[in-house]
Amino acid sequence: TELSIFLERSLFQHSESSHSLDMIGKTPSFLDLLGKITSFRDGLNEIKDDIACCLVTLMSHGEEGFIKMKDGEKVSLDDIFEMFNNKNCPALQEKPKIFIIQACRGERRDSGVETDDEPMDLDDGSEKKRLPTFSDYFIIYPTQADHVALRDPRTGSVMIKEMTEVFKQYGNKWHIADFFTIVNNRVVHRDFNLCNKPIKISLVMESTLTKFVYF
């Protein structure tokens with residue numbers, strides 16, 4: 001098993017940008033990985049300058065929800081994501097947190113689906129064009145996994161209401177990913193109460209699009 005991790009933080013100060021890159025070598029152990037990520041996260045929280053964004057790249061063997069270590073242990077991706085949330089990493093509050101995961105998510109293999117397009121010319125003959133079984137999806141969830149969605153008894157779904165307002169304001173000016181980023185910005189910065197307790201929500205976007213989509 002080989003695993004490499006690249007941790008990068010981008011800083012912007014006085015209109016100048018600087019970058020800090022750290023890397024764990026191949027095949028770290030479970031404790032090595034968590035220790036390095038924790039140290040990186042703690043370092044972010046100690047930075048006094050404004051941080052523009054955080055980019056974390058993980059490359060390893062894996063399975064759904066986990067990456068695998070050389071010592072046979074597995075690390076939950078959700079646990080890694082949680083280390084950088086607004087509670088555990090206040091330095092990244094309202095900053096983009098980008099995670100690139102290069103790892104298997106299971107054992108299934110998709111042989112694809114033949115299309116009606118003209119065959120492709122290959123050295124060993126013609127073969128029909130194939131597509132992944134699932135592609136060109138764009139899925140929006142009104143909340144994170146295992147969390148409740150919110151609906152106002154007077155105005156209806158929080159997500160649908162903000163979608164309507166954003167569409168009225170911007171119409172077909174935005175690509176669908178940008179459109180829902182604006183919707184999410186509005187939802188994230190609204191305050192809600194459920195059973196007299198504060199509650200916050202964030203939309204979740206999943207995309208396998210291969211084209212830009214506009215309403």
# chains A, B, ... in the order shown; residues from 1 in each chain; ligands from 1
call {"tool": "residues_around", "arguments": {"residues": "A:Asp191", "least_positions_apart": "5", "cutoff": "12 Å", "atoms": "only C-alpha atoms", "output": "ChimeraX atom specification"}}
result
/A:150,158,186,197-202
call {"tool": "select_by_dssp", "arguments": {"residues": "stretch 11-174 of chain A", "states": "strand (DSSP E or B)", "output": "PyMOL selection string"}}
result
chain A and resi 11-13+16-24+51-59+62-63+66-68+74-76+97-102+113-114+120-122+125-127+130-131+138-141+151-152+156-157
call {"tool": "write_last_selection", "arguments": {"atoms": "N, CA and C atoms", "output": "compact mmCIF listing (two decimals), in the first residue's frame"}}
result
# COMPACT_ATOMS: atom_id res chain seq x y z
N LEU A 11 -2.11 31.70 1.26
CA LEU A 11 -2.21 32.91 2.06
C LEU A 11 -2.21 34.13 1.14
N PHE A 12 -3.01 35.09 1.50
CA PHE A 12 -3.02 36.34 0.75
C PHE A 12 -2.83 37.49 1.74
N GLN A 13 -1.78 38.24 1.54
CA GLN A 13 -1.49 39.35 2.44
C GLN A 13 -0.89 40.49 1.61
N GLU A 16 -0.26 39.99 -2.10
CA GLU A 16 0.75 39.03 -2.52
C GLU A 16 0.33 37.65 -2.03
N SER A 17 0.68 36.65 -2.81
CA SER A 17 0.29 35.29 -2.42
C SER A 17 1.52 34.47 -2.09
N SER A 18 1.37 33.58 -1.13
CA SER A 18 2.45 32.64 -0.81
C SER A 18 1.82 31.29 -0.54
N HIS A 19 2.62 30.25 -0.70
CA HIS A 19 2.10 28.90 -0.55
C HIS A 19 3.04 28.09 0.33
N SER A 20 2.44 27.25 1.14
CA SER A 20 3.23 26.34 1.96
C SER A 20 2.81 24.93 1.61
N LEU A 21 3.77 24.10 1.24
CA LEU A 21 3.48 22.73 0.83
C LEU A 21 4.20 21.76 1.75
N ASP A 22 3.46 20.79 2.24
CA ASP A 22 4.06 19.75 3.08
C ASP A 22 3.65 18.42 2.50
N MET A 23 4.42 17.41 2.76
CA MET A 23 4.13 16.10 2.16
C MET A 23 4.60 14.99 3.06
N ILE A 24 3.73 14.02 3.24
CA ILE A 24 4.13 12.78 3.89
C ILE A 24 4.60 11.84 2.79
N ILE A 51 -6.24 33.44 5.53
CA ILE A 51 -6.05 32.26 4.69
C ILE A 51 -7.11 32.27 3.61
N ALA A 52 -6.68 32.12 2.36
CA ALA A 52 -7.63 32.15 1.25
C ALA A 52 -8.36 30.82 1.10
N CYS A 53 -7.62 29.71 1.20
CA CYS A 53 -8.26 28.40 1.08
C CYS A 53 -7.30 27.33 1.57
N CYS A 54 -7.85 26.12 1.70
CA CYS A 54 -7.03 24.97 2.11
C CYS A 54 -7.27 23.85 1.11
N LEU A 55 -6.19 23.25 0.63
CA LEU A 55 -6.27 22.15 -0.32
C LEU A 55 -5.54 20.94 0.25
N VAL A 56 -6.26 19.82 0.36
CA VAL A 56 -5.68 18.58 0.86
C VAL A 56 -5.87 17.50 -0.21
N THR A 57 -4.77 16.85 -0.59
CA THR A 57 -4.84 15.76 -1.57
C THR A 57 -4.38 14.47 -0.91
N LEU A 58 -5.19 13.43 -0.98
CA LEU A 58 -4.86 12.13 -0.42
C LEU A 58 -4.84 11.10 -1.54
N MET A 59 -3.77 10.31 -1.62
CA MET A 59 -3.65 9.27 -2.64
C MET A 59 -3.29 7.96 -1.96
N GLY A 62 -8.09 2.31 -1.05
CA GLY A 62 -9.21 2.67 -0.21
C GLY A 62 -10.43 1.83 -0.46
N GLU A 63 -11.48 2.17 0.26
CA GLU A 63 -12.81 1.61 0.07
C GLU A 63 -13.80 2.71 0.42
N PHE A 66 -13.23 5.30 3.32
CA PHE A 66 -11.98 5.08 4.04
C PHE A 66 -10.79 5.09 3.08
N ILE A 67 -9.62 5.44 3.62
CA ILE A 67 -8.35 5.18 2.96
C ILE A 67 -7.57 4.19 3.82
N LYS A 68 -6.70 3.41 3.17
CA LYS A 68 -6.02 2.33 3.88
C LYS A 68 -4.56 2.69 4.13
N LYS A 74 -7.50 1.45 8.74
CA LYS A 74 -8.23 2.33 7.84
C LYS A 74 -8.52 3.65 8.54
N VAL A 75 -8.50 4.72 7.76
CA VAL A 75 -8.81 6.04 8.29
C VAL A 75 -10.08 6.53 7.62
N SER A 76 -11.03 6.94 8.44
CA SER A 76 -12.30 7.44 7.93
C SER A 76 -12.11 8.81 7.29
N LYS A 97 -12.56 24.74 1.59
CA LYS A 97 -11.79 23.59 2.05
C LYS A 97 -11.93 22.51 0.98
N ILE A 98 -10.85 22.29 0.22
CA ILE A 98 -10.89 21.44 -0.96
C ILE A 98 -10.17 20.13 -0.67
N PHE A 99 -10.84 19.01 -0.88
CA PHE A 99 -10.25 17.70 -0.65
C PHE A 99 -10.28 16.91 -1.95
N ILE A 100 -9.11 16.48 -2.39
CA ILE A 100 -8.99 15.64 -3.59
C ILE A 100 -8.59 14.25 -3.13
N ILE A 101 -9.46 13.28 -3.36
CA ILE A 101 -9.23 11.92 -2.87
C ILE A 101 -8.98 11.00 -4.04
N GLN A 102 -7.76 10.48 -4.15
CA GLN A 102 -7.43 9.50 -5.19
C GLN A 102 -7.32 8.14 -4.53
N VAL A 113 -21.58 1.56 -20.94
CA VAL A 113 -22.76 1.31 -21.77
C VAL A 113 -22.45 1.77 -23.19
N GLU A 114 -22.79 0.96 -24.16
CA GLU A 114 -22.58 1.36 -25.55
C GLU A 114 -23.56 2.47 -25.93
N MET A 120 -15.66 4.19 -32.90
CA MET A 120 -14.36 4.84 -32.91
C MET A 120 -13.38 3.99 -33.72
N ASP A 121 -12.51 4.63 -34.48
CA ASP A 121 -11.50 3.92 -35.26
C ASP A 121 -10.30 3.61 -34.39
N LEU A 122 -10.08 2.35 -34.15
CA LEU A 122 -8.95 1.91 -33.34
C LEU A 122 -8.02 1.06 -34.20
N GLY A 125 -9.39 -2.36 -34.97
CA GLY A 125 -10.75 -2.45 -35.47
C GLY A 125 -11.63 -1.36 -34.90
N SER A 126 -12.89 -1.42 -35.24
CA SER A 126 -13.84 -0.41 -34.78
C SER A 126 -14.56 -0.90 -33.53
N GLU A 127 -14.79 0.03 -32.65
CA GLU A 127 -15.49 -0.29 -31.41
C GLU A 127 -16.43 0.84 -31.09
N ARG A 130 -18.24 4.08 -25.67
CA ARG A 130 -18.83 3.65 -24.41
C ARG A 130 -18.82 4.80 -23.41
N LEU A 131 -19.81 4.79 -22.56
CA LEU A 131 -19.92 5.76 -21.48
C LEU A 131 -20.00 5.04 -20.15
N PHE A 138 -26.11 15.66 -11.65
CA PHE A 138 -25.83 16.75 -10.71
C PHE A 138 -26.89 16.64 -9.63
N ILE A 139 -26.48 16.24 -8.45
CA ILE A 139 -27.42 15.92 -7.37
C ILE A 139 -27.24 16.92 -6.23
N ILE A 140 -28.34 17.48 -5.79
CA ILE A 140 -28.33 18.43 -4.68
C ILE A 140 -29.09 17.84 -3.51
N TYR A 141 -28.47 17.84 -2.37
CA TYR A 141 -29.15 17.45 -1.13
C TYR A 141 -29.35 18.69 -0.26
N ARG A 151 -37.87 22.83 6.82
CA ARG A 151 -39.02 23.34 6.09
C ARG A 151 -39.79 24.29 6.98
N ASP A 152 -39.97 25.50 6.51
CA ASP A 152 -40.75 26.49 7.25
C ASP A 152 -42.23 26.22 6.99
N GLY A 156 -42.33 27.09 3.31
CA GLY A 156 -41.91 25.83 2.69
C GLY A 156 -40.44 25.51 2.86
N SER A 157 -39.92 24.65 1.98
CA SER A 157 -38.54 24.19 2.05
C SER A 157 -37.55 25.35 2.00
call {"tool": "residues_around", "arguments": {"residues": "A:Gly65", "least_positions_apart": "6", "cutoff": "8 Å", "atoms": "only C-alpha atoms", "output": "NGL selection string"}}
result
:A and (76-78 or 105)
call {"tool": "residues_around", "arguments": {"residues": "stretch 164-180 of chain A", "least_positions_apart": "4", "cutoff": "10 Å", "atoms": "only C-alpha atoms", "output": "PyMOL selection string"}}
result
chain A and resi 138+140+159-160+184-186+203-207+209+211-215
call {"tool": "closest_residue", "arguments": {"among": "A:Ser29, A:Ser111, A:Asn85, A:Gln93", "to": "A:Gly72", "atoms": "only C-alpha atoms"}}
result
A:Ser29
call {"tool": "atom_distance", "arguments": {"atom1": "atom CA of A:Asp136", "atom2": "atom CA of A:Thr115"}}
result
14.3 Å
call {"tool": "atom_distance", "arguments": {"atom1": "atom CA of A:Asn196", "atom2": "atom CA of A:Thr155"}}
result
18.6 Å
call {"tool": "residues_around", "arguments": {"residues": "A:Glu46", "least_positions_apart": "4", "cutoff": "12 Å", "atoms": "only C-alpha atoms", "output": "PDB file with C-alpha atoms, in the first residue's frame"}}
result
ATOM      1  CA  SER A  39      -0.160  19.199  12.980  1.00  0.00           C
ATOM      2  CA  PHE A  40      -1.110  20.844   9.694  1.00  0.00           C
ATOM      3  CA  ARG A  41      -4.562  21.764  11.014  1.00  0.00           C
ATOM      4  CA  ASP A  42      -3.130  23.171  14.240  1.00  0.00           C
ATOM      5  CA  ASP A  50      -5.826  35.708   6.328  1.00  0.00           C
ATOM      6  CA  ILE A  51      -6.054  32.262   4.694  1.00  0.00           C
ATOM      7  CA  CYS A  89     -10.441  24.737  12.478  1.00  0.00           C
ATOM      8  CA  PRO A  90     -11.750  28.270  13.064  1.00  0.00           C
ATOM      9  CA  ALA A  91      -8.980  29.648  10.835  1.00  0.00           C
ATOM     10  CA  LEU A  92     -10.888  28.185   7.862  1.00  0.00           C
TER      11      LEU A  92
END
call {"tool": "atom_distance", "arguments": {"atom1": "atom CA of A:Val183", "atom2": "atom CA of A:Lys161"}}
result
9.4 Å
call {"tool": "select_by_dssp", "arguments": {"residues": "stretch 52-204 of chain A", "states": "helix (DSSP H, G or I)", "output": "ChimeraX atom specification"}}
result
/A:77-83,90-92,158-170,176-188
call {"tool": "write_last_selection", "arguments": {"atoms": "N, CA and C atoms", "output": "mmCIF file, in the first residue's frame"}}
result
data_model
loop_
_atom_site.group_PDB
_atom_site.id
_atom_site.type_symbol
_atom_site.label_atom_id
_atom_site.label_comp_id
_atom_site.auth_asym_id
_atom_site.auth_seq_id
_atom_site.Cartn_x
_atom_site.Cartn_y
_atom_site.Cartn_z
ATOM 1 N N LEU A 77 -12.588 8.956 6.058
ATOM 2 C CA LEU A 77 -12.515 10.265 5.405
ATOM 3 C C LEU A 77 -13.371 11.288 6.141
ATOM 4 N N ASP A 78 -14.499 10.853 6.664
ATOM 5 C CA ASP A 78 -15.342 11.782 7.420
ATOM 6 C C ASP A 78 -14.601 12.335 8.631
ATOM 7 N N ASP A 79 -13.771 11.489 9.264
ATOM 8 C CA ASP A 79 -12.994 11.963 10.414
ATOM 9 C C ASP A 79 -11.982 13.023 9.984
ATOM 10 N N ILE A 80 -11.382 12.823 8.802
ATOM 11 C CA ILE A 80 -10.436 13.821 8.295
ATOM 12 C C ILE A 80 -11.161 15.118 7.963
ATOM 13 N N PHE A 81 -12.300 15.009 7.274
ATOM 14 C CA PHE A 81 -13.070 16.211 6.942
ATOM 15 C C PHE A 81 -13.463 16.967 8.208
ATOM 16 N N GLU A 82 -13.842 16.223 9.248
ATOM 17 C CA GLU A 82 -14.299 16.839 10.497
ATOM 18 C C GLU A 82 -13.182 17.635 11.165
ATOM 19 N N MET A 83 -11.940 17.244 10.964
ATOM 20 C CA MET A 83 -10.816 17.954 11.575
ATOM 21 C C MET A 83 -10.716 19.399 11.086
ATOM 22 N N PRO A 90 -11.148 26.933 13.241
ATOM 23 C CA PRO A 90 -11.750 28.270 13.064
ATOM 24 C C PRO A 90 -11.014 29.146 12.058
ATOM 25 N N ALA A 91 -9.729 28.857 11.819
ATOM 26 C CA ALA A 91 -8.980 29.648 10.835
ATOM 27 C C ALA A 91 -9.567 29.510 9.431
ATOM 28 N N LEU A 92 -10.315 28.423 9.191
ATOM 29 C CA LEU A 92 -10.888 28.185 7.862
ATOM 30 C C LEU A 92 -12.387 28.467 7.803
ATOM 31 N N VAL A 158 -36.594 25.337 2.918
ATOM 32 C CA VAL A 158 -35.579 26.387 2.961
ATOM 33 C C VAL A 158 -34.773 26.407 1.666
ATOM 34 N N MET A 159 -34.366 25.234 1.191
ATOM 35 C CA MET A 159 -33.562 25.176 -0.024
ATOM 36 C C MET A 159 -34.361 25.659 -1.238
ATOM 37 N N ILE A 160 -35.593 25.187 -1.382
ATOM 38 C CA ILE A 160 -36.403 25.560 -2.543
ATOM 39 C C ILE A 160 -36.709 27.056 -2.532
ATOM 40 N N LYS A 161 -36.945 27.609 -1.357
ATOM 41 C CA LYS A 161 -37.222 29.042 -1.267
ATOM 42 C C LYS A 161 -36.026 29.859 -1.743
ATOM 43 N N GLU A 162 -34.820 29.491 -1.299
ATOM 44 C CA GLU A 162 -33.624 30.233 -1.707
ATOM 45 C C GLU A 162 -33.321 30.012 -3.192
ATOM 46 N N MET A 163 -33.574 28.813 -3.689
ATOM 47 C CA MET A 163 -33.413 28.566 -5.121
ATOM 48 C C MET A 163 -34.282 29.520 -5.935
ATOM 49 N N THR A 164 -35.518 29.669 -5.505
ATOM 50 C CA THR A 164 -36.455 30.550 -6.224
ATOM 51 C C THR A 164 -35.967 31.991 -6.207
ATOM 52 N N GLU A 165 -35.489 32.440 -5.049
ATOM 53 C CA GLU A 165 -35.036 33.824 -4.934
ATOM 54 C C GLU A 165 -33.796 34.078 -5.791
ATOM 55 N N VAL A 166 -32.866 33.135 -5.776
ATOM 56 C CA VAL A 166 -31.640 33.298 -6.567
ATOM 57 C C VAL A 166 -31.969 33.283 -8.059
ATOM 58 N N PHE A 167 -32.881 32.407 -8.455
ATOM 59 C CA PHE A 167 -33.248 32.347 -9.866
ATOM 60 C C PHE A 167 -33.903 33.648 -10.321
ATOM 61 N N LYS A 168 -34.746 34.221 -9.475
ATOM 62 C CA LYS A 168 -35.380 35.495 -9.811
ATOM 63 C C LYS A 168 -34.331 36.591 -10.004
ATOM 64 N N GLN A 169 -33.285 36.543 -9.189
ATOM 65 C CA GLN A 169 -32.283 37.597 -9.218
ATOM 66 C C GLN A 169 -31.275 37.412 -10.351
ATOM 67 N N TYR A 170 -30.853 36.154 -10.591
ATOM 68 C CA TYR A 170 -29.768 35.916 -11.538
ATOM 69 C C TYR A 170 -30.214 35.211 -12.827
ATOM 70 N N ILE A 176 -24.787 25.858 -13.326
ATOM 71 C CA ILE A 176 -25.562 25.261 -12.251
ATOM 72 C C ILE A 176 -24.755 25.111 -10.951
ATOM 73 N N ALA A 177 -23.459 24.802 -11.056
ATOM 74 C CA ALA A 177 -22.646 24.681 -9.841
ATOM 75 C C ALA A 177 -22.492 26.035 -9.156
ATOM 76 N N ASP A 178 -22.292 27.093 -9.949
ATOM 77 C CA ASP A 178 -22.204 28.444 -9.383
ATOM 78 C C ASP A 178 -23.543 28.860 -8.793
ATOM 79 N N PHE A 179 -24.608 28.515 -9.493
ATOM 80 C CA PHE A 179 -25.960 28.852 -9.025
ATOM 81 C C PHE A 179 -26.200 28.284 -7.629
ATOM 82 N N PHE A 180 -25.908 26.991 -7.454
ATOM 83 C CA PHE A 180 -26.171 26.378 -6.154
ATOM 84 C C PHE A 180 -25.137 26.783 -5.103
ATOM 85 N N THR A 181 -23.985 27.249 -5.534
ATOM 86 C CA THR A 181 -23.035 27.822 -4.568
ATOM 87 C C THR A 181 -23.624 29.089 -3.955
ATOM 88 N N ILE A 182 -24.264 29.899 -4.780
ATOM 89 C CA ILE A 182 -24.927 31.107 -4.269
ATOM 90 C C ILE A 182 -26.084 30.725 -3.352
ATOM 91 N N VAL A 183 -26.876 29.734 -3.768
ATOM 92 C CA VAL A 183 -27.980 29.267 -2.924
ATOM 93 C C VAL A 183 -27.446 28.791 -1.577
ATOM 94 N N ASN A 184 -26.370 28.010 -1.614
ATOM 95 C CA ASN A 184 -25.796 27.495 -0.368
ATOM 96 C C ASN A 184 -25.279 28.624 0.517
ATOM 97 N N ASN A 185 -24.684 29.643 -0.096
ATOM 98 C CA ASN A 185 -24.206 30.788 0.678
ATOM 99 C C ASN A 185 -25.347 31.413 1.471
ATOM 100 N N ARG A 186 -26.509 31.543 0.842
ATOM 101 C CA ARG A 186 -27.668 32.131 1.524
ATOM 102 C C ARG A 186 -28.176 31.216 2.640
ATOM 103 N N VAL A 187 -28.228 29.915 2.346
ATOM 104 C CA VAL A 187 -28.727 28.973 3.348
ATOM 105 C C VAL A 187 -27.797 28.918 4.560
ATOM 106 N N VAL A 188 -26.486 28.853 4.286
ATOM 107 C CA VAL A 188 -25.501 28.738 5.369
ATOM 108 C C VAL A 188 -25.545 29.946 6.299
#
call {"tool": "closest_residue", "arguments": {"among": "A:Leu34, A:Cys104, A:Val148, A:Leu194", "to": "A:His61", "atoms": "only C-alpha atoms"}}
result
A:Cys104
call {"tool": "decode", "arguments": {"residues": "stretch 152-163 of chain A", "atoms": "N, CA, C and O atoms", "output": "PDB file, in the first residue's frame"}}
result
ATOM      1  N   ASP A 152     -39.973  25.501   6.509  1.00  0.00           N
ATOM      2  CA  ASP A 152     -40.748  26.489   7.247  1.00  0.00           C
ATOM      3  C   ASP A 152     -42.230  26.222   6.993  1.00  0.00           C
ATOM      4  O   ASP A 152     -42.643  26.061   5.847  1.00  0.00           O
ATOM      5  N   PRO A 153     -43.061  26.155   8.054  1.00  0.00           N
ATOM      6  CA  PRO A 153     -44.486  25.855   7.856  1.00  0.00           C
ATOM      7  C   PRO A 153     -45.217  26.902   7.020  1.00  0.00           C
ATOM      8  O   PRO A 153     -46.260  26.608   6.440  1.00  0.00           O
ATOM      9  N   ARG A 154     -44.651  28.108   6.932  1.00  0.00           N
ATOM     10  CA  ARG A 154     -45.304  29.168   6.149  1.00  0.00           C
ATOM     11  C   ARG A 154     -44.722  29.302   4.750  1.00  0.00           C
ATOM     12  O   ARG A 154     -45.463  29.456   3.776  1.00  0.00           O
ATOM     13  N   THR A 155     -43.413  29.230   4.629  1.00  0.00           N
ATOM     14  CA  THR A 155     -42.771  29.497   3.336  1.00  0.00           C
ATOM     15  C   THR A 155     -42.257  28.240   2.645  1.00  0.00           C
ATOM     16  O   THR A 155     -41.803  28.306   1.504  1.00  0.00           O
ATOM     17  N   GLY A 156     -42.325  27.088   3.307  1.00  0.00           N
ATOM     18  CA  GLY A 156     -41.912  25.831   2.690  1.00  0.00           C
ATOM     19  C   GLY A 156     -40.435  25.514   2.857  1.00  0.00           C
ATOM     20  O   GLY A 156     -39.769  26.048   3.758  1.00  0.00           O
ATOM     21  N   SER A 157     -39.922  24.650   1.979  1.00  0.00           N
ATOM     22  CA  SER A 157     -38.535  24.190   2.051  1.00  0.00           C
ATOM     23  C   SER A 157     -37.553  25.355   1.999  1.00  0.00           C
ATOM     24  O   SER A 157     -37.662  26.235   1.150  1.00  0.00           O
ATOM     25  N   VAL A 158     -36.594  25.337   2.918  1.00  0.00           N
ATOM     26  CA  VAL A 158     -35.579  26.387   2.961  1.00  0.00           C
ATOM     27  C   VAL A 158     -34.773  26.407   1.666  1.00  0.00           C
ATOM     28  O   VAL A 158     -34.547  27.466   1.072  1.00  0.00           O
ATOM     29  N   MET A 159     -34.366  25.234   1.191  1.00  0.00           N
ATOM     30  CA  MET A 159     -33.562  25.176  -0.024  1.00  0.00           C
ATOM     31  C   MET A 159     -34.361  25.659  -1.238  1.00  0.00           C
ATOM     32  O   MET A 159     -33.863  26.461  -2.037  1.00  0.00           O
ATOM     33  N   ILE A 160     -35.593  25.187  -1.382  1.00  0.00           N
ATOM     34  CA  ILE A 160     -36.403  25.560  -2.543  1.00  0.00           C
ATOM     35  C   ILE A 160     -36.709  27.056  -2.532  1.00  0.00           C
ATOM     36  O   ILE A 160     -36.678  27.719  -3.580  1.00  0.00           O
ATOM     37  N   LYS A 161     -36.945  27.609  -1.357  1.00  0.00           N
ATOM     38  CA  LYS A 161     -37.222  29.042  -1.267  1.00  0.00           C
ATOM     39  C   LYS A 161     -36.026  29.859  -1.743  1.00  0.00           C
ATOM     40  O   LYS A 161     -36.167  30.810  -2.525  1.00  0.00           O
ATOM     41  N   GLU A 162     -34.820  29.491  -1.299  1.00  0.00           N
ATOM     42  CA  GLU A 162     -33.624  30.233  -1.707  1.00  0.00           C
ATOM     43  C   GLU A 162     -33.321  30.012  -3.192  1.00  0.00           C
ATOM     44  O   GLU A 162     -32.863  30.921  -3.878  1.00  0.00           O
ATOM     45  N   MET A 163     -33.574  28.813  -3.689  1.00  0.00           N
ATOM     46  CA  MET A 163     -33.413  28.566  -5.121  1.00  0.00           C
ATOM     47  C   MET A 163     -34.282  29.520  -5.935  1.00  0.00           C
ATOM     48  O   MET A 163     -33.834  30.102  -6.936  1.00  0.00           O
TER      49      MET A 163
END
